[in-house]
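Have a look at data_4.cif; it's mmCIF, N, CA and C atoms and all ligand atoms:
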```cif
data_coords
loop_
_atom_site.label_atom_id
_atom_site.label_comp_id
_atom_site.auth_asym_id
_atom_site.auth_seq_id
_atom_site.Cartn_x
_atom_site.Cartn_y
_atom_site.Cartn_z
N MET X 1 -4.85 20.35 8.68
CA MET X 1 -5.81 19.98 9.72
C MET X 1 -6.80 21.12 9.93
N ASN X 2 -8.06 20.80 9.90
CA ASN X 2 -9.02 21.84 10.23
C ASN X 2 -9.39 21.76 11.71
N THR X 3 -10.00 22.80 12.17
CA THR X 3 -10.29 22.93 13.61
C THR X 3 -11.21 21.84 14.11
N LYS X 4 -12.17 21.46 13.29
CA LYS X 4 -13.15 20.44 13.71
C LYS X 4 -12.46 19.10 13.95
N GLN X 5 -11.58 18.72 13.05
CA GLN X 5 -10.85 17.46 13.19
C GLN X 5 -9.95 17.51 14.42
N GLU X 6 -9.28 18.62 14.60
CA GLU X 6 -8.36 18.78 15.70
C GLU X 6 -9.09 18.67 17.04
N THR X 7 -10.25 19.25 17.11
CA THR X 7 -11.07 19.19 18.33
C THR X 7 -11.49 17.75 18.62
N ALA X 8 -11.87 17.02 17.60
CA ALA X 8 -12.28 15.63 17.77
C ALA X 8 -11.15 14.78 18.31
N VAL X 9 -9.96 14.99 17.81
CA VAL X 9 -8.79 14.23 18.25
C VAL X 9 -8.44 14.58 19.69
N GLN X 10 -8.46 15.85 20.00
CA GLN X 10 -8.13 16.28 21.36
C GLN X 10 -9.15 15.73 22.36
N LYS X 11 -10.38 15.71 21.98
CA LYS X 11 -11.45 15.20 22.84
C LYS X 11 -11.24 13.71 23.09
N ARG X 12 -10.90 13.01 22.04
CA ARG X 12 -10.66 11.57 22.13
C ARG X 12 -9.44 11.27 23.02
N LYS X 13 -8.40 12.03 22.86
CA LYS X 13 -7.21 11.84 23.69
C LYS X 13 -7.55 12.07 25.16
N GLN X 14 -8.36 13.06 25.42
CA GLN X 14 -8.74 13.37 26.79
C GLN X 14 -9.52 12.21 27.40
N GLU X 15 -10.37 11.59 26.63
CA GLU X 15 -11.13 10.43 27.11
C GLU X 15 -10.19 9.30 27.48
N ILE X 16 -9.18 9.09 26.66
CA ILE X 16 -8.21 8.02 26.91
C ILE X 16 -7.41 8.31 28.17
N ILE X 17 -6.96 9.52 28.33
CA ILE X 17 -6.20 9.91 29.51
C ILE X 17 -7.03 9.71 30.77
N THR X 18 -8.30 10.05 30.68
CA THR X 18 -9.20 9.93 31.83
C THR X 18 -9.36 8.48 32.26
N LYS X 19 -9.43 7.61 31.30
CA LYS X 19 -9.63 6.19 31.60
C LYS X 19 -8.38 5.54 32.20
N GLU X 20 -7.21 6.04 31.83
CA GLU X 20 -5.95 5.52 32.34
C GLU X 20 -5.84 3.99 32.27
N PHE X 21 -5.79 3.49 31.08
CA PHE X 21 -5.64 2.06 30.88
C PHE X 21 -4.31 1.56 31.44
N CYS X 22 -4.35 0.42 32.06
CA CYS X 22 -3.14 -0.18 32.59
C CYS X 22 -2.91 -1.56 31.97
N CYS X 23 -1.64 -1.95 31.94
CA CYS X 23 -1.26 -3.24 31.42
C CYS X 23 -1.85 -4.34 32.30
N SER X 24 -2.48 -5.32 31.66
CA SER X 24 -3.10 -6.40 32.42
C SER X 24 -2.07 -7.43 32.90
N ILE X 25 -0.85 -7.32 32.41
CA ILE X 25 0.21 -8.26 32.80
C ILE X 25 1.01 -7.70 33.98
N CYS X 26 1.53 -6.48 33.84
CA CYS X 26 2.41 -5.92 34.87
C CYS X 26 1.79 -4.74 35.61
N GLY X 27 0.69 -4.22 35.13
CA GLY X 27 0.01 -3.12 35.81
C GLY X 27 0.55 -1.75 35.49
N SER X 28 1.54 -1.68 34.59
CA SER X 28 2.08 -0.38 34.20
C SER X 28 1.08 0.38 33.34
N LYS X 29 1.20 1.67 33.38
CA LYS X 29 0.32 2.51 32.57
C LYS X 29 0.67 2.33 31.10
N LEU X 30 -0.34 2.14 30.31
CA LEU X 30 -0.11 1.95 28.88
C LEU X 30 0.11 3.28 28.18
N GLU X 31 0.94 3.23 27.17
CA GLU X 31 1.19 4.42 26.37
C GLU X 31 0.39 4.31 25.08
N PHE X 32 -0.42 5.31 24.84
CA PHE X 32 -1.25 5.30 23.64
C PHE X 32 -0.60 6.11 22.53
N THR X 33 -0.69 5.53 21.36
CA THR X 33 -0.17 6.24 20.21
C THR X 33 -1.28 6.36 19.17
N HIS X 34 -1.22 7.42 18.40
CA HIS X 34 -2.25 7.66 17.40
C HIS X 34 -1.59 7.99 16.07
N PHE X 35 -2.15 7.39 15.06
CA PHE X 35 -1.76 7.74 13.71
C PHE X 35 -3.00 8.29 13.02
N ILE X 36 -2.91 9.51 12.58
CA ILE X 36 -4.06 10.16 11.98
C ILE X 36 -3.97 10.10 10.46
N ASP X 37 -4.97 9.48 9.89
CA ASP X 37 -5.05 9.33 8.44
C ASP X 37 -6.08 10.32 7.91
N TYR X 38 -5.59 11.47 7.48
CA TYR X 38 -6.51 12.52 7.07
C TYR X 38 -7.22 12.21 5.76
N ASP X 39 -6.56 11.46 4.90
CA ASP X 39 -7.19 11.11 3.63
C ASP X 39 -8.47 10.31 3.83
N ASN X 40 -8.42 9.40 4.79
CA ASN X 40 -9.58 8.56 5.07
C ASN X 40 -10.38 9.02 6.29
N LYS X 41 -9.92 10.13 6.87
CA LYS X 41 -10.58 10.68 8.06
C LYS X 41 -10.72 9.64 9.16
N ARG X 42 -9.63 8.96 9.44
CA ARG X 42 -9.65 7.95 10.48
C ARG X 42 -8.44 8.12 11.40
N VAL X 43 -8.59 7.67 12.63
CA VAL X 43 -7.48 7.66 13.57
C VAL X 43 -7.22 6.22 14.00
N LYS X 44 -6.00 5.80 13.87
CA LYS X 44 -5.61 4.47 14.30
C LYS X 44 -4.97 4.60 15.67
N GLU X 45 -5.44 3.81 16.60
CA GLU X 45 -5.01 3.94 17.99
C GLU X 45 -4.43 2.61 18.49
N SER X 46 -3.34 2.70 19.19
CA SER X 46 -2.79 1.49 19.79
C SER X 46 -2.25 1.80 21.18
N ALA X 47 -2.25 0.79 22.04
CA ALA X 47 -1.77 0.94 23.41
C ALA X 47 -0.60 0.01 23.62
N ILE X 48 0.51 0.57 24.06
CA ILE X 48 1.72 -0.21 24.22
C ILE X 48 2.22 -0.11 25.65
N CYS X 49 2.60 -1.28 26.23
CA CYS X 49 3.19 -1.29 27.56
C CYS X 49 4.71 -1.18 27.40
N ASN X 50 5.27 -0.14 27.99
CA ASN X 50 6.72 0.06 27.88
C ASN X 50 7.50 -0.96 28.69
N GLU X 51 6.87 -1.54 29.70
CA GLU X 51 7.53 -2.54 30.54
C GLU X 51 7.62 -3.88 29.83
N CYS X 52 6.52 -4.32 29.28
CA CYS X 52 6.45 -5.63 28.61
C CYS X 52 6.78 -5.53 27.12
N GLY X 53 6.54 -4.38 26.56
CA GLY X 53 6.69 -4.22 25.13
C GLY X 53 5.54 -4.83 24.35
N VAL X 54 4.45 -5.06 25.06
CA VAL X 54 3.28 -5.69 24.44
C VAL X 54 2.33 -4.62 23.90
N ARG X 55 1.84 -4.85 22.72
CA ARG X 55 0.82 -3.97 22.16
C ARG X 55 -0.54 -4.57 22.49
N PHE X 56 -1.32 -3.85 23.24
CA PHE X 56 -2.56 -4.40 23.77
C PHE X 56 -3.77 -4.24 22.89
N GLN X 57 -3.98 -3.09 22.37
CA GLN X 57 -5.17 -2.93 21.58
C GLN X 57 -4.94 -1.91 20.47
N THR X 58 -5.50 -2.23 19.38
CA THR X 58 -5.43 -1.32 18.26
C THR X 58 -6.84 -1.18 17.70
N ARG X 59 -7.23 0.02 17.50
CA ARG X 59 -8.57 0.22 16.95
C ARG X 59 -8.55 1.49 16.10
N ASP X 60 -9.52 1.53 15.24
CA ASP X 60 -9.68 2.69 14.38
C ASP X 60 -10.97 3.41 14.77
N PHE X 61 -10.97 4.68 14.67
CA PHE X 61 -12.23 5.40 14.79
C PHE X 61 -12.24 6.56 13.80
N GLU X 62 -13.44 6.95 13.44
CA GLU X 62 -13.60 7.98 12.43
C GLU X 62 -13.57 9.37 13.04
N LEU X 63 -13.03 10.28 12.29
CA LEU X 63 -13.12 11.70 12.66
C LEU X 63 -14.44 12.24 12.14
N ASN X 64 -15.18 12.88 13.00
CA ASN X 64 -16.46 13.43 12.59
C ASN X 64 -16.34 14.91 12.25
ZN ZN A 1 3.13 -4.62 30.99
#
```

Just dump the structure as structure tokens.
Ligand SMILES: [Zn+2]
Amino acid sequence: MNTKQETAVQKRKQEIITKEFCCSICGSKLEFTHFIDYDNKRVKESAICNECGVRFQTRDFELN
């Protein structure tokens, strides 16, 4: 991991924490998980409700 990539990921995580997404079914705070694919310079993101066990959103974004 180089510093530039690491900074981008940390910045993105901070944005997510700030937004504090909640489950639309039970209102519990969603847990975000990230899988970093360095070969393709992409981060796969998903939000899971621990109460419902529902995965709400998954998206990819590029590391700049
Ligand atoms: Zn829920």

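Residue nearest ligand ZN 1 (chain A) within the list X:Asn50, X:Gln5, X:Asn64, X:Thr33: X:Asn50 [criterion: smallest interatomic distance, all atoms listed in the file].
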
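Comparing X:Lys44, X:Lys13, X:Ala8, X:Cys49 by their smallest distance to Gly27 of chain X, the closest is X:Cys49 (using only C-alpha atoms).
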
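Each of X:Cys26, X:Glu31, X:Glu45, X:Glu6 was checked against Arg59 of chain X using only C-alpha atoms; the smallest atom-to-atom distance is that of X:Glu45.
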
Write out as a short mmCIF file (atom, residue, chain, number, x, y, z; two decimals) with N, CA and C atoms, in the frame of the given file each polymer residue (protein, DNA or RNA) that has an atom no more than 8 Å from ligand ZN 1 (chain A), with all atoms listed in the file counted.
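Below you can see selection.cif, which holds the result:
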```
data_model
loop_
_atom_site.label_atom_id
_atom_site.label_comp_id
_atom_site.auth_asym_id
_atom_site.auth_seq_id
_atom_site.Cartn_x
_atom_site.Cartn_y
_atom_site.Cartn_z
N CYS X 22 -4.35 0.42 32.06
CA CYS X 22 -3.14 -0.18 32.59
C CYS X 22 -2.91 -1.56 31.97
N CYS X 23 -1.64 -1.95 31.94
CA CYS X 23 -1.26 -3.24 31.42
C CYS X 23 -1.85 -4.34 32.30
N SER X 24 -2.48 -5.32 31.66
CA SER X 24 -3.10 -6.40 32.42
C SER X 24 -2.07 -7.43 32.90
N ILE X 25 -0.85 -7.32 32.41
CA ILE X 25 0.21 -8.26 32.80
C ILE X 25 1.01 -7.70 33.98
N CYS X 26 1.53 -6.48 33.84
CA CYS X 26 2.41 -5.92 34.87
C CYS X 26 1.79 -4.74 35.61
N GLY X 27 0.69 -4.22 35.13
CA GLY X 27 0.01 -3.12 35.81
C GLY X 27 0.55 -1.75 35.49
N SER X 28 1.54 -1.68 34.59
CA SER X 28 2.08 -0.38 34.20
C SER X 28 1.08 0.38 33.34
N LYS X 29 1.20 1.67 33.38
CA LYS X 29 0.32 2.51 32.57
C LYS X 29 0.67 2.33 31.10
N LEU X 30 -0.34 2.14 30.31
CA LEU X 30 -0.11 1.95 28.88
C LEU X 30 0.11 3.28 28.18
N ILE X 48 0.51 0.57 24.06
CA ILE X 48 1.72 -0.21 24.22
C ILE X 48 2.22 -0.11 25.65
N CYS X 49 2.60 -1.28 26.23
CA CYS X 49 3.19 -1.29 27.56
C CYS X 49 4.71 -1.18 27.40
N ASN X 50 5.27 -0.14 27.99
CA ASN X 50 6.72 0.06 27.88
C ASN X 50 7.50 -0.96 28.69
N GLU X 51 6.87 -1.54 29.70
CA GLU X 51 7.53 -2.54 30.54
C GLU X 51 7.62 -3.88 29.83
N CYS X 52 6.52 -4.32 29.28
CA CYS X 52 6.45 -5.63 28.61
C CYS X 52 6.78 -5.53 27.12
N GLY X 53 6.54 -4.38 26.56
CA GLY X 53 6.69 -4.22 25.13
C GLY X 53 5.54 -4.83 24.35
N VAL X 54 4.45 -5.06 25.06
CA VAL X 54 3.28 -5.69 24.44
C VAL X 54 2.33 -4.62 23.90
#
```

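Listed by chain and then by rising number, the residues of chain X that DSSP assigns to strand (DSSP E) from the backbone are Glu31, Phe32, Thr33, His34, Phe35, Ile36, Asp37, Arg42, Val43, Lys44, Glu45, Ser46, Ala47, Ile48, Arg55, Phe56, Gln57, Thr58, Arg59, Asp60, Phe61 and Glu62 of chain X.
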
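Interatomic distance, atom C of Arg55 of chain X to atom CA of Asp39 of chain X: 25.4 Å.
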
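Taking atom CA of Leu63 of chain X and atom CA of Thr7 of chain X as the two end points, the separation is 9.6 Å.
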
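Those residues that approach Glu62 of chain X to within 8 Å, counting only C-alpha atoms, are Lys41, Arg42 and Val43 of chain X; same-chain residues fewer than 3 positions away are not listed.
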
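The space separating atom C of Ser46 of chain X from atom N of His34 of chain X comes to 6.4 Å.
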
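Residues of chain X that DSSP, applied to the backbone, places in alpha helix (DSSP H): Thr3, Lys4, Gln5, Glu6, Thr7, Ala8, Val9, Gln10, Lys11, Arg12, Lys13, Gln14, Glu15, Ile16, Ile17, Thr18 and Lys19 of chain X.
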